[in-house]
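Notes for the one structure printed next.
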There are 2 protein chains.
Amino acid sequence: MDGHKHSASILKALAHPVRLQILEALSTDIQACVCHLESLLQLRQAYISQQLATLREAGLVQDRREGMNVYYSLTATAVADGLQNLRSFSSEIAKLQGKELRFKSIERDPEEPCPCPRCHEKIALLEAQR
Amino acid sequence: MDGHKHSASILKALAHPVRLQILEALSTDIQACVCHLESLLQLRQAYISQQLATLREAGLVQDRREGMNVYYSLTATAVADGLQNLRSFSSEIAKLQGKELRFKSIERDPEEPCPCPRCHEKIALLEAQR
DNA sequence: ATTCTATATTCGGAATATGGAATAAGGATC
DNA sequence: GATCCTTATTCCATATTCCGAATATAGAAT
């Protein structure tokens, strides 16, 4: 297959702010259900599902069903590495243009757990074990 | 500025087979006039100019006028590095999908110089010095 | 000044991407 | 079975990209 075409199609899947955020979330959380991403990014479920489908078709993420939930994860650690490279790369390009980039981090306060049901289960489990 | 948005806009500029080929040409040739790219990629001049404009607006290439010609080059070596990374990255993703990538190299036969005027000048100069 | 050559821009129709709304599908639970 | 819950898909209007054709511009040469 034509390498440039394939590279371009991967880049096309990457070239979207929300999809980048999703990938970033998956590169720190290892895996996440859709409702987790929903609460993390504060976006509608259907919308996230759409973006996940794009990423899935590009081969960047994979899904795994577990009961009622579907867990997404990166298909390779190379994806996380690529994101890291991309970050510094675009920062460098931005600097040439006299701009300073700020990547809004979507870190969650550990004391304030994600309100998605799955997280609540885990929290409840942990507290029951005390 | 929002980092994800800027990254996405850079990726959007990259996400095109012809633009990738142009960048690759510039990462080996250091710099090239439009007519050189034209003969190298076998594409119409106006079309190449359009793609160069996209790359220029994204901050990936810069132009320098010299007499009648305009020479393009990468704005940073990081761009060439990024292309290299992208190549192995998309190869890895492709492998996960059971595909094998072939990047058609646009190497020029050194015995068969580029027919663009600038190249002819250089060739003529070299031959005159013998 | 006119012409030539290299490059850039504009216009426009087709194709594709975007994102909202509604709906469907797949399991769990009762 | 009926009913939730989570996730996926479809539909649709709008916006954007793609790329060919024509045209514009900028500098060189006559």
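Within each chain, counting starts at residue 1; across the structure tokens, chains are named A, B, ... in the order shown, with ligands numbered 1 upward in that order.
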What's around stretch 9-23 of chain D at 8 Å? Count only C-alpha atoms (C1' of nucleotides), leave out sequence neighbours fewer than 6 positions away in its own chain, and write the answer as a PDB file with N, CA and C atoms (P, O5', C5', C4', C3', O3' and C1' of nucleotides), in the first residue's frame.
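Written output follows (result_39.pdb):
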ATOM      1  N   TYR B  47      -0.896  23.734  -8.984  1.00  0.00           N
ATOM      2  CA  TYR B  47      -1.276  22.792  -7.939  1.00  0.00           C
ATOM      3  C   TYR B  47      -0.220  22.743  -6.840  1.00  0.00           C
TER       4      TYR B  47
ATOM      5  P    DT C  10      -6.345  35.778  -3.506  1.00  0.00           P
ATOM      6  O5'  DT C  10      -7.427  35.444  -4.636  1.00  0.00           O
ATOM      7  C5'  DT C  10      -7.348  36.111  -5.891  1.00  0.00           C
ATOM      8  C4'  DT C  10      -8.396  35.534  -6.829  1.00  0.00           C
ATOM      9  C3'  DT C  10      -9.722  35.140  -6.164  1.00  0.00           C
ATOM     10  O3'  DT C  10     -10.783  35.622  -6.973  1.00  0.00           O
ATOM     11  C1'  DT C  10      -8.861  33.324  -7.387  1.00  0.00           C
ATOM     12  P    DA C  15     -18.376  14.000  -7.190  1.00  0.00           P
ATOM     13  O5'  DA C  15     -17.550  13.925  -5.836  1.00  0.00           O
ATOM     14  C5'  DA C  15     -16.131  14.008  -5.891  1.00  0.00           C
ATOM     15  C4'  DA C  15     -15.595  14.279  -4.506  1.00  0.00           C
ATOM     16  C3'  DA C  15     -16.095  13.313  -3.426  1.00  0.00           C
ATOM     17  O3'  DA C  15     -14.978  12.712  -2.808  1.00  0.00           O
ATOM     18  C1'  DA C  15     -16.256  15.560  -2.702  1.00  0.00           C
ATOM     19  P    DT C  16     -15.199  11.523  -1.780  1.00  0.00           P
ATOM     20  O5'  DT C  16     -14.963  12.225  -0.358  1.00  0.00           O
ATOM     21  C5'  DT C  16     -13.836  13.079  -0.208  1.00  0.00           C
ATOM     22  C4'  DT C  16     -13.993  13.908   1.039  1.00  0.00           C
ATOM     23  C3'  DT C  16     -14.406  13.120   2.302  1.00  0.00           C
ATOM     24  O3'  DT C  16     -13.389  13.305   3.267  1.00  0.00           O
ATOM     25  C1'  DT C  16     -15.614  15.135   2.100  1.00  0.00           C
ATOM     26  P    DA C  17     -13.529  12.624   4.700  1.00  0.00           P
ATOM     27  O5'  DA C  17     -13.882  13.887   5.617  1.00  0.00           O
ATOM     28  C5'  DA C  17     -12.996  14.999   5.590  1.00  0.00           C
ATOM     29  C4'  DA C  17     -13.463  16.053   6.582  1.00  0.00           C
ATOM     30  C3'  DA C  17     -13.734  15.549   7.998  1.00  0.00           C
ATOM     31  O3'  DA C  17     -13.295  16.552   8.902  1.00  0.00           O
ATOM     32  C1'  DA C  17     -15.697  16.528   7.099  1.00  0.00           C
ATOM     33  P    DT C  18     -13.355  16.284  10.461  1.00  0.00           P
ATOM     34  O5'  DT C  18     -14.618  17.101  10.920  1.00  0.00           O
ATOM     35  C5'  DT C  18     -14.675  18.502  10.663  1.00  0.00           C
ATOM     36  C4'  DT C  18     -15.999  19.050  11.162  1.00  0.00           C
ATOM     37  C3'  DT C  18     -16.406  18.521  12.547  1.00  0.00           C
ATOM     38  O3'  DT C  18     -16.462  19.615  13.434  1.00  0.00           O
ATOM     39  C1'  DT C  18     -18.211  18.473  10.985  1.00  0.00           C
ATOM     40  P    DT C  23     -36.723   9.782  16.756  1.00  0.00           P
ATOM     41  O5'  DT C  23     -35.828   8.488  16.489  1.00  0.00           O
ATOM     42  C5'  DT C  23     -35.189   8.346  15.217  1.00  0.00           C
ATOM     43  C4'  DT C  23     -34.212   7.204  15.274  1.00  0.00           C
ATOM     44  C3'  DT C  23     -34.754   5.934  15.955  1.00  0.00           C
ATOM     45  O3'  DT C  23     -34.578   4.846  15.074  1.00  0.00           O
ATOM     46  C1'  DT C  23     -32.596   6.467  16.743  1.00  0.00           C
ATOM     47  P    DA C  24     -35.157   3.419  15.417  1.00  0.00           P
ATOM     48  O5'  DA C  24     -33.813   2.553  15.519  1.00  0.00           O
ATOM     49  C5'  DA C  24     -32.887   2.623  14.453  1.00  0.00           C
ATOM     50  C4'  DA C  24     -31.626   1.872  14.846  1.00  0.00           C
ATOM     51  C3'  DA C  24     -31.876   0.473  15.396  1.00  0.00           C
ATOM     52  O3'  DA C  24     -30.897  -0.400  14.835  1.00  0.00           O
ATOM     53  C1'  DA C  24     -30.653   1.733  16.963  1.00  0.00           C
TER      54       DA C  24
END
Taking only C-alpha atoms (C1' of nucleotides) into account, which residues of chain A are within 10 Å of chain C, as a list in words?
->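 Close to chain C, chain A has Ala46, Tyr47, Gln50, Glu66, Gly67, Met68 and Asn69 of chain A.
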List every residue of stretch 6-117 of chain A that has an atom at most 6 Å from any atom of stretch 3-7 of chain B, and for each one report the closest atom pair and its distance in Å to one decimal, counting only C-alpha atoms, with rows sorted by chain and then by increasing residue number, as CSV.
residue,atom,partner,partner_atom,distance
A:Pro17,CA,B:His4,CA,5.0
A:Ser90,CA,B:Ser7,CA,5.6
A:Leu101,CA,B:Gly3,CA,4.8
A:Arg102,CA,B:Gly3,CA,5.1
A:Phe103,CA,B:Gly3,CA,4.5
Counting only C-alpha atoms, what are the residues of chain A within 10 Å of chain B, and for each of them which pair of atoms is the nearest and at what distance in Å, to one decimal? Sort the table by chain and rising number, as a tab-separated table.
residue	atom	partner	partner_atom	distance
A:Met1	CA	B:Leu101	CA	5.1
A:Asp2	CA	B:Arg102	CA	5.4
A:Gly3	CA	B:Phe103	CA	4.5
A:His4	CA	B:Pro17	CA	5.0
A:Lys5	CA	B:Pro17	CA	5.2
A:His6	CA	B:Ser90	CA	7.1
A:Ser7	CA	B:Ser90	CA	5.6
A:Ala8	CA	B:Ala15	CA	4.3
A:Ser9	CA	B:Ala15	CA	6.6
A:Ile10	CA	B:Ser90	CA	7.2
A:Leu11	CA	B:Ala15	CA	4.9
A:Lys12	CA	B:Ala15	CA	5.2
A:Ala13	CA	B:Ala15	CA	8.8
A:Leu14	CA	B:Leu11	CA	6.9
A:Ala15	CA	B:Ala8	CA	4.3
A:His16	CA	B:Ala8	CA	5.0
A:Pro17	CA	B:His4	CA	5.0
A:Val18	CA	B:His4	CA	7.9
A:Arg19	CA	B:Ala8	CA	9.1
A:Leu20	CA	B:His4	CA	6.6
A:Gln21	CA	B:His4	CA	7.3
A:Ala58	CA	B:Ile93	CA	8.7
A:Gly59	CA	B:Ile93	CA	6.5
A:Leu60	CA	B:Ile93	CA	7.3
A:Thr75	CA	B:Ile93	CA	8.1
A:Ala76	CA	B:Ile93	CA	7.9
A:Ala78	CA	B:Phe89	CA	6.8
A:Val79	CA	B:Phe89	CA	7.8
A:Asp81	CA	B:Phe89	CA	9.4
A:Gly82	CA	B:Phe89	CA	7.4
A:Leu83	CA	B:Ser7	CA	9.9
A:Asn85	CA	B:Gly82	CA	7.9
A:Leu86	CA	B:Ser7	CA	7.2
A:Arg87	CA	B:Ser7	CA	7.2
A:Ser88	CA	B:Ala78	CA	9.6
A:Phe89	CA	B:Ala78	CA	6.9
A:Ser90	CA	B:Ser7	CA	5.6
A:Ser91	CA	B:Gly3	CA	7.7
A:Glu92	CA	B:Ala78	CA	8.0
A:Ile93	CA	B:Gly59	CA	6.5
A:Ala94	CA	B:His6	CA	8.0
A:Leu96	CA	B:Gly59	CA	7.9
A:Gln97	CA	B:Gly59	CA	7.3
A:Lys99	CA	B:Met1	CA	7.1
A:Glu100	CA	B:Met1	CA	6.3
A:Leu101	CA	B:Gly3	CA	4.8
A:Arg102	CA	B:Gly3	CA	5.1
A:Phe103	CA	B:Gly3	CA	4.5
A:Lys104	CA	B:Asp2	CA	7.3
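Atom CA of B:Leu52 to atom CA of B:Ile22 spans 8.1 Å [interatomic distance, one decimal].
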Report the distance between atom CA of B:Leu43 and atom C1' of D:DA24 in Å, rounded to one decimal place.
->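 For atom CA of B:Leu43 relative to atom C1' of D:DA24, the distance reads 20.7 Å.
Proximity ranking of B:Arg44, B:Lys95, B:Arg56, B:Arg64 relative to chain D places B:Arg44 first, based on only C-alpha atoms (C1' of nucleotides).
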